[in-house]
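Contents: one structure, followed by commentary.
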Amino acid sequence: MVERTPFLNFFTHLILFVGFVFCVAPFAVVAIAASHNLRDVNDVPMSLLPGSDFWVNIKTAWVTAGLGPKLLNSFIVAGGVAAGKVIISALTAFSIVYFRFPGRMFIFWLIFVTLMLPLEVRIVPTYAVVANVLSPYQAILDVTGFSWLIEKLSGVQVSLNLGLLNSYPGLILPLVATATGTFLYRQFFLTVPDELTEAARMDGAGPLRFFIDVLLPLSRNNMAALGTIMFLWAWNQYLWPLLITTDQSHAMAVTELKQLIPNVGGTPEWHIAMAGTLIVMLPPLVVVVLMQRWIVRGLIATEK
Amino acid sequence: MASITIRGVKKNYAKTQVVHGVDLDFASGEFVVILGPSGCGKSTLLRMIAGLEEISDGTIAIDGLVVNKLEPRERGCAMVFQNYALYPHMSVAQNIGYSLKVAGIPAAERNQRIQAVARTLELEHLLDRKPMALSGGQRQRVAMGRAMIREPKVFLFDEPLSNLDAKLRVQMRSEIRKLHRRLNATSVFVTHDQVEAMTLADRLVIMNGGKVEQVGTPSEIYTRPASRFVATFVGAPAMNMLEGTVELDGLSLLGGSRRLAMARAGLPVGTKVAMGIRPEAVRLVASGSAGALDATVDLVEELGAGRVIYVDLDGAPFSVMTSEAVHPEPGSTIGLKILPEDMHFFSSETGSRLDVFKASVPEPAL
Amino acid sequence: MEKRVTFSSWTIGILFAVPQLLLIFTFFYWPAGQAVYWSLTLQQPWGGGNIWVGLDNFRSILANADYWNSITASLVFAGISTGLAMFIALVLAALTDRQLAGSRLYRVVLIWPYGIAAPALALAFRFILAPEAGFLSVINRIWPGIWDPGLDGADAMASIIVAFSWKYVGYNFIFFLAAFQAIPRSLIEAAAMDGSGVIRRFWDIQFPLITPTIFFLLVINITESFQDSFGIVDIMTSGGPANATNLMVYKIYSDGFKGLDYSGAAAQSIILMLLIIVLTIFQFRFIERRVHYG
């Protein structure tokens, strides 16, 4: 369109540039602070010219907070959550879109409701469940009298116990137990033409074959989008890992940032703290940069 | 190759009934076209044969075996869909061979059969392409190949040509016909396009409102339409209909301005009937000549090979198709001549054909 | 919208849903039910009997000034940070949508903050906003003691608001830009042919057409400000000073896991759940009206 709006264009560029600085500055500050030594980082104002201690600081932060194994844990958990979501949501969406069984709408609503309550607000009882993941089933057996019955009949006392604190399943499974992905797939499945299903049936394919041979290959884009957002989401989890990993061996990178907060008293070691921050924020940033298309697509599709 | 027997088949969706008891017999190797306006239940009937829709009532048998409860794959039918329904993520070869893969046929044999089908349909150079990279006609061929490869007993076509442009449609029509001659499998073809229906069918089934109106060869349907619906639905431009009333010694037409002398043949005086005349059966004569109906020209539509003349016949719209090189001006008067053997009569009440009249040439009422 | 074609086998259909159902039963419905049970009883942490106390837990929470303080702090936080994050994102998205030179770069960069973990950006902002180092400390050189999030509640609140808003500008930007780009180009061109200028078009055409997105983001931002704030608070202020930033989720965590008051924490969870459910229902009712299900 031909439009002469020099002033407006000037302000557009100006505001966008300010916004750009506003977005990038924290990254830059973190990176620059991570390159200073103890004295320079505490200068007021801090020099914006990079110092020379970058690699030293990175190494110190890496060792102090033990980031190596924790980054690995973060990758395992974020990967596990992403994979779990991608698979389980696809199965569920297939069930509620392509079958007509009694109670289907009930299941739909059961899953739908989980969208409303994030993990954070039911954190205390969820922690109790993960401490013994079989406790709900034990309670059901107790209340229904089955425990009593089994004990009478066999003399064995029913005591189900499987603790998941400080374990990967304990970290991953509660994060998978929401509906986000299910509705992403559902929306997509509804757009798959009915004729394709009919053609598959005429070709002799049953539900399982149709799911594997036709539906899943067609869902590749959705899987990429969902996997990306879920990876980021899980990587950035803080409260849940903080609670259930009392043991360092399963701690995640993001929760370890707390170790890097400089102590009060003495000159604060901000250069180390910022080096650690940089390491922890880098993997999701790389994912955002590389997978931008999928993130935008996935976010917009899951929230609809 | 198989015969299909349909007995009292009905289809209900919740409260609405879309197919009201259909009885049909298709002979082995026959090419049957089901023709009807949209919503007449023709696709539903086809899908019931395929096993894609439950049969609410009645039975469908293929080769004498009732298939009501069989899954689509157990019926030995193959289907070509309106929008082709090709699997977008599979290559042409994979699309064609998918049913064999599902059936667990080893890759070597599968490839051989894919090659054979591709050769028949001239798709050999396209086998590695994805459906996205094909033209409409090529997709159509792939859809046919997918149906052919299973060597089915019955071919089902659900308006497969409606997404093609006019030229391609004509070409595909003759290819389907040739293919049928070669494979000789029983084929059921659903369409709303009467030219397609006429050119393809061994036998034609006309459906309307969930019922079968008439079954017959294309020429039977054209020359002796069993009902007013069939008469007006088949043929273009549509058959002219003039309303009339039975009188003592004939028929009063056009609100009494014309009359036909004829034997009453048992119909009570006052019975409402409709007289139908195909536009192409009307002859043009000089206005005022003996036995001619005078009419005023409204509009002339040039078709190249011929022309359609829309006229006003005593206040009723009427159309005439002629290949003569006449170009009457709108507003001028022309004479129309209709022969008794070209007249069709239908009951105004039931719409069914009446073969009871012996009519003469219509003449002005005295 | 429903599928015309479905598979008839019930058992297979239900089997496909079983993994998800097991997960949400174990990790969602059971804990949620447990929270309700705990909120109505008084129990010893990890063992001991539960005593039924009815609504006593709720009464004691609602009578507690600290709790009201926490609610107020949460609402202040939610209100200001949502307003800030949405306004900035809306302006940036609207300007980026003008597609002047460089807009591709902005489109890429403005999304970055979304990917950063709340605690990581919190630590970065803790440094940037630190009173004795970093950048805001310059102010303290000029007027000593005017800025100290460690001592002044308002400063602490401002710090967490800045950190949270920064992340959600990126998030909101994604949605606003998508909404702007979903507006058919022909509409804008028609308005231009009608003689409407850039700013006029924004108010008359683009803004009305993206109100559903504004409304949707409003709800999401508020709910996220209740949840995603935890990491920011924990790293930047630990709820202090003097409970000035003790937001609801943080208080649930500190009462439950540090104070070991499970019943009180459960009752607080229930109140927060109700709050979020009300917001969500509000949102779904709205979306229901907006989206046409074929």
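Residue numbering restarts at 1 for every chain of the structure tokens, chains are lettered A, B, ... in their displayed order, and ligands are numbered from 1 as they appear.
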
- Item | Backbone-only DSSP, alpha helix (DSSP H) members of stretch 35-280 of chain B, as a PyMOL selection string | chain B and resi 42-50+92-102+107-121+136-148+166-183+194-200+218-223+228-233

Using only C-alpha atoms, determine which residues of chain B fall within 10 Å of chain C; present them as a CSV table (one decimal) with N, CA and C atoms, in the first residue's frame.
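Final output, part-v3.csv:
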```csv
chain,number,residue,atom,x,y,z
B,52,LEU,N,-20.2,-48.4,5.2
B,52,LEU,CA,-19.8,-47.2,5.9
B,52,LEU,C,-20.9,-46.6,6.7
B,53,GLU,N,-22.1,-47.0,6.4
B,53,GLU,CA,-23.3,-46.6,7.2
B,53,GLU,C,-24.0,-47.9,7.6
B,71,GLU,N,-18.0,-55.8,8.2
B,71,GLU,CA,-17.2,-54.6,8.1
B,71,GLU,C,-16.9,-54.3,6.6
```

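With distances taken over only C-alpha atoms, C:Ala133 is the one residue among C:Ala133, C:Ala65, C:Ala122, C:Ala158 lying closest to A:Leu38.
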
- Could you find all residues in stretch 57-258 of chain B that DSSP calls strand (DSSP E) from the backbone, and write them as a PyMOL selection string? chain B and resi 57-62+65-66+77-80+154-158+186-191+203-208+211-216+240-247+250-253+258

Would you output that residue set with C-alpha atoms, as an mmCIF file, in the first residue's frame?
```
data_model
loop_
_atom_site.group_PDB
_atom_site.id
_atom_site.type_symbol
_atom_site.label_atom_id
_atom_site.label_comp_id
_atom_site.auth_asym_id
_atom_site.auth_seq_id
_atom_site.Cartn_x
_atom_site.Cartn_y
_atom_site.Cartn_z
ATOM 1 C CA ASP B 57 -33.898 -51.811 8.144
ATOM 2 C CA GLY B 58 -33.949 -54.319 5.264
ATOM 3 C CA THR B 59 -31.061 -56.303 3.813
ATOM 4 C CA ILE B 60 -28.270 -55.890 1.321
ATOM 5 C CA ALA B 61 -26.799 -59.041 -0.158
ATOM 6 C CA ILE B 62 -23.708 -59.345 -2.314
ATOM 7 C CA LEU B 65 -24.669 -63.285 1.064
ATOM 8 C CA VAL B 66 -26.346 -60.786 3.410
ATOM 9 C CA CYS B 77 -16.086 -53.651 -2.276
ATOM 10 C CA ALA B 78 -13.750 -50.883 -3.311
ATOM 11 C CA MET B 79 -14.724 -47.248 -3.409
ATOM 12 C CA VAL B 80 -13.660 -44.100 -5.229
ATOM 13 C CA VAL B 154 -17.917 -54.487 -6.563
ATOM 14 C CA PHE B 155 -16.732 -50.988 -7.509
ATOM 15 C CA LEU B 156 -18.456 -48.104 -5.801
ATOM 16 C CA PHE B 157 -18.115 -44.545 -7.136
ATOM 17 C CA ASP B 158 -19.331 -41.613 -5.039
ATOM 18 C CA THR B 186 -20.177 -54.836 -10.977
ATOM 19 C CA SER B 187 -20.089 -51.056 -10.607
ATOM 20 C CA VAL B 188 -22.380 -48.686 -8.776
ATOM 21 C CA PHE B 189 -21.862 -45.047 -9.643
ATOM 22 C CA VAL B 190 -23.584 -42.213 -7.827
ATOM 23 C CA THR B 191 -23.964 -38.806 -9.446
ATOM 24 C CA ARG B 203 -28.931 -49.252 -16.203
ATOM 25 C CA LEU B 204 -30.031 -46.101 -14.476
ATOM 26 C CA VAL B 205 -31.701 -45.750 -11.074
ATOM 27 C CA ILE B 206 -33.437 -42.442 -10.487
ATOM 28 C CA MET B 207 -33.906 -41.547 -6.833
ATOM 29 C CA ASN B 208 -35.821 -38.741 -5.221
ATOM 30 C CA LYS B 211 -37.278 -43.440 -2.859
ATOM 31 C CA VAL B 212 -36.561 -45.067 -6.191
ATOM 32 C CA GLU B 213 -38.548 -43.293 -8.911
ATOM 33 C CA GLN B 214 -37.568 -45.447 -11.871
ATOM 34 C CA VAL B 215 -35.106 -48.111 -12.943
ATOM 35 C CA GLY B 216 -34.263 -48.660 -16.580
ATOM 36 C CA ASN B 240 -42.229 -28.546 -20.538
ATOM 37 C CA MET B 241 -45.252 -29.217 -18.369
ATOM 38 C CA LEU B 242 -48.701 -27.903 -19.216
ATOM 39 C CA GLU B 243 -51.413 -28.295 -16.574
ATOM 40 C CA GLY B 244 -54.763 -29.524 -17.721
ATOM 41 C CA THR B 245 -58.160 -30.850 -16.714
ATOM 42 C CA VAL B 246 -60.005 -33.915 -18.108
ATOM 43 C CA GLU B 247 -63.264 -33.010 -19.891
ATOM 44 C CA GLY B 250 -60.792 -34.364 -24.232
ATOM 45 C CA LEU B 251 -58.421 -32.333 -22.206
ATOM 46 C CA SER B 252 -58.553 -28.617 -21.440
ATOM 47 C CA LEU B 253 -55.089 -27.046 -21.312
ATOM 48 C CA ARG B 258 -56.386 -24.831 -25.676
#
```

- Any idea what's packed within 12 Å of C:Ala130, counting only C-alpha atoms, ignoring anything in its chain fewer than 6 positions away? Could you give it as a PyMOL selection string? (chain A and resi 41-46+261-262+264+268+270) or (chain C and resi 122-124+136-140+145+147-151+155-156+159+236-237)

Which residues of chain B come within 12 Å of chain A, and what is each one's closest atom pair and distance in Å (one decimal), counting only C-alpha atoms, sorted by chain and residue number, as JSON lines?
```
{"residue": "B:Arg47", "atom": "CA", "partner": "A:Glu198", "partner_atom": "CA", "distance": 9.7}
{"residue": "B:Ile49", "atom": "CA", "partner": "A:Met202", "partner_atom": "CA", "distance": 11.5}
{"residue": "B:Ala50", "atom": "CA", "partner": "A:Met202", "partner_atom": "CA", "distance": 7.7}
{"residue": "B:Gly51", "atom": "CA", "partner": "A:Met202", "partner_atom": "CA", "distance": 8.5}
{"residue": "B:Leu52", "atom": "CA", "partner": "A:Glu198", "partner_atom": "CA", "distance": 6.9}
{"residue": "B:Glu53", "atom": "CA", "partner": "A:Glu198", "partner_atom": "CA", "distance": 10.2}
{"residue": "B:Leu70", "atom": "CA", "partner": "A:Gly204", "partner_atom": "CA", "distance": 11.8}
{"residue": "B:Glu71", "atom": "CA", "partner": "A:Arg201", "partner_atom": "CA", "distance": 8.3}
{"residue": "B:Pro72", "atom": "CA", "partner": "A:Met202", "partner_atom": "CA", "distance": 5.5}
{"residue": "B:Arg73", "atom": "CA", "partner": "A:Gly204", "partner_atom": "CA", "distance": 4.4}
{"residue": "B:Glu74", "atom": "CA", "partner": "A:Gly204", "partner_atom": "CA", "distance": 7.9}
{"residue": "B:Arg75", "atom": "CA", "partner": "A:Met202", "partner_atom": "CA", "distance": 9.1}
{"residue": "B:Gly76", "atom": "CA", "partner": "A:Met202", "partner_atom": "CA", "distance": 8.9}
{"residue": "B:Cys77", "atom": "CA", "partner": "A:Met202", "partner_atom": "CA", "distance": 7.4}
{"residue": "B:Ala78", "atom": "CA", "partner": "A:Met202", "partner_atom": "CA", "distance": 6.3}
{"residue": "B:Met79", "atom": "CA", "partner": "A:Met202", "partner_atom": "CA", "distance": 6.9}
{"residue": "B:Val80", "atom": "CA", "partner": "A:Ala199", "partner_atom": "CA", "distance": 8.3}
{"residue": "B:Phe81", "atom": "CA", "partner": "A:Glu195", "partner_atom": "CA", "distance": 7.2}
{"residue": "B:Gln82", "atom": "CA", "partner": "A:Glu195", "partner_atom": "CA", "distance": 8.6}
{"residue": "B:Asn83", "atom": "CA", "partner": "A:Glu195", "partner_atom": "CA", "distance": 7.8}
{"residue": "B:Tyr84", "atom": "CA", "partner": "A:Glu195", "partner_atom": "CA", "distance": 8.1}
{"residue": "B:Ala85", "atom": "CA", "partner": "A:Leu196", "partner_atom": "CA", "distance": 5.0}
{"residue": "B:Leu86", "atom": "CA", "partner": "A:Leu196", "partner_atom": "CA", "distance": 6.9}
{"residue": "B:Tyr87", "atom": "CA", "partner": "A:Leu196", "partner_atom": "CA", "distance": 6.8}
{"residue": "B:Pro88", "atom": "CA", "partner": "A:Leu218", "partner_atom": "CA", "distance": 7.8}
{"residue": "B:His89", "atom": "CA", "partner": "A:Leu218", "partner_atom": "CA", "distance": 6.6}
{"residue": "B:Met90", "atom": "CA", "partner": "A:Val214", "partner_atom": "CA", "distance": 8.8}
{"residue": "B:Gln94", "atom": "CA", "partner": "A:Asp213", "partner_atom": "CA", "distance": 10.9}
{"residue": "B:Asn95", "atom": "CA", "partner": "A:Asp203", "partner_atom": "CA", "distance": 9.9}
{"residue": "B:Ile96", "atom": "CA", "partner": "A:Asp203", "partner_atom": "CA", "distance": 9.6}
{"residue": "B:Gly97", "atom": "CA", "partner": "A:Asp203", "partner_atom": "CA", "distance": 9.3}
{"residue": "B:Tyr98", "atom": "CA", "partner": "A:Asp203", "partner_atom": "CA", "distance": 6.9}
{"residue": "B:Ser99", "atom": "CA", "partner": "A:Asp203", "partner_atom": "CA", "distance": 4.3}
{"residue": "B:Leu100", "atom": "CA", "partner": "A:Asp203", "partner_atom": "CA", "distance": 7.9}
{"residue": "B:Lys101", "atom": "CA", "partner": "A:Asp203", "partner_atom": "CA", "distance": 9.2}
{"residue": "B:Val102", "atom": "CA", "partner": "A:Ala205", "partner_atom": "CA", "distance": 6.1}
{"residue": "B:Ala103", "atom": "CA", "partner": "A:Gly204", "partner_atom": "CA", "distance": 7.1}
{"residue": "B:Gly104", "atom": "CA", "partner": "A:Gly204", "partner_atom": "CA", "distance": 10.6}
{"residue": "B:Ala143", "atom": "CA", "partner": "A:Ala199", "partner_atom": "CA", "distance": 9.7}
{"residue": "B:Met144", "atom": "CA", "partner": "A:Ala199", "partner_atom": "CA", "distance": 11.9}
{"residue": "B:Arg146", "atom": "CA", "partner": "A:Asp203", "partner_atom": "CA", "distance": 8.4}
{"residue": "B:Ala147", "atom": "CA", "partner": "A:Asp203", "partner_atom": "CA", "distance": 8.4}
{"residue": "B:Met148", "atom": "CA", "partner": "A:Asp203", "partner_atom": "CA", "distance": 11.2}
{"residue": "B:Ile149", "atom": "CA", "partner": "A:Asp203", "partner_atom": "CA", "distance": 10.3}
{"residue": "B:Arg150", "atom": "CA", "partner": "A:Asp203", "partner_atom": "CA", "distance": 8.6}
{"residue": "B:Glu151", "atom": "CA", "partner": "A:Asp203", "partner_atom": "CA", "distance": 11.9}
{"residue": "B:Pro152", "atom": "CA", "partner": "A:Met202", "partner_atom": "CA", "distance": 10.7}
{"residue": "B:Val154", "atom": "CA", "partner": "A:Met202", "partner_atom": "CA", "distance": 11.8}
{"residue": "B:Phe155", "atom": "CA", "partner": "A:Met202", "partner_atom": "CA", "distance": 11.1}
{"residue": "B:Leu156", "atom": "CA", "partner": "A:Met202", "partner_atom": "CA", "distance": 10.5}
{"residue": "B:Asp158", "atom": "CA", "partner": "A:Glu195", "partner_atom": "CA", "distance": 10.8}
```
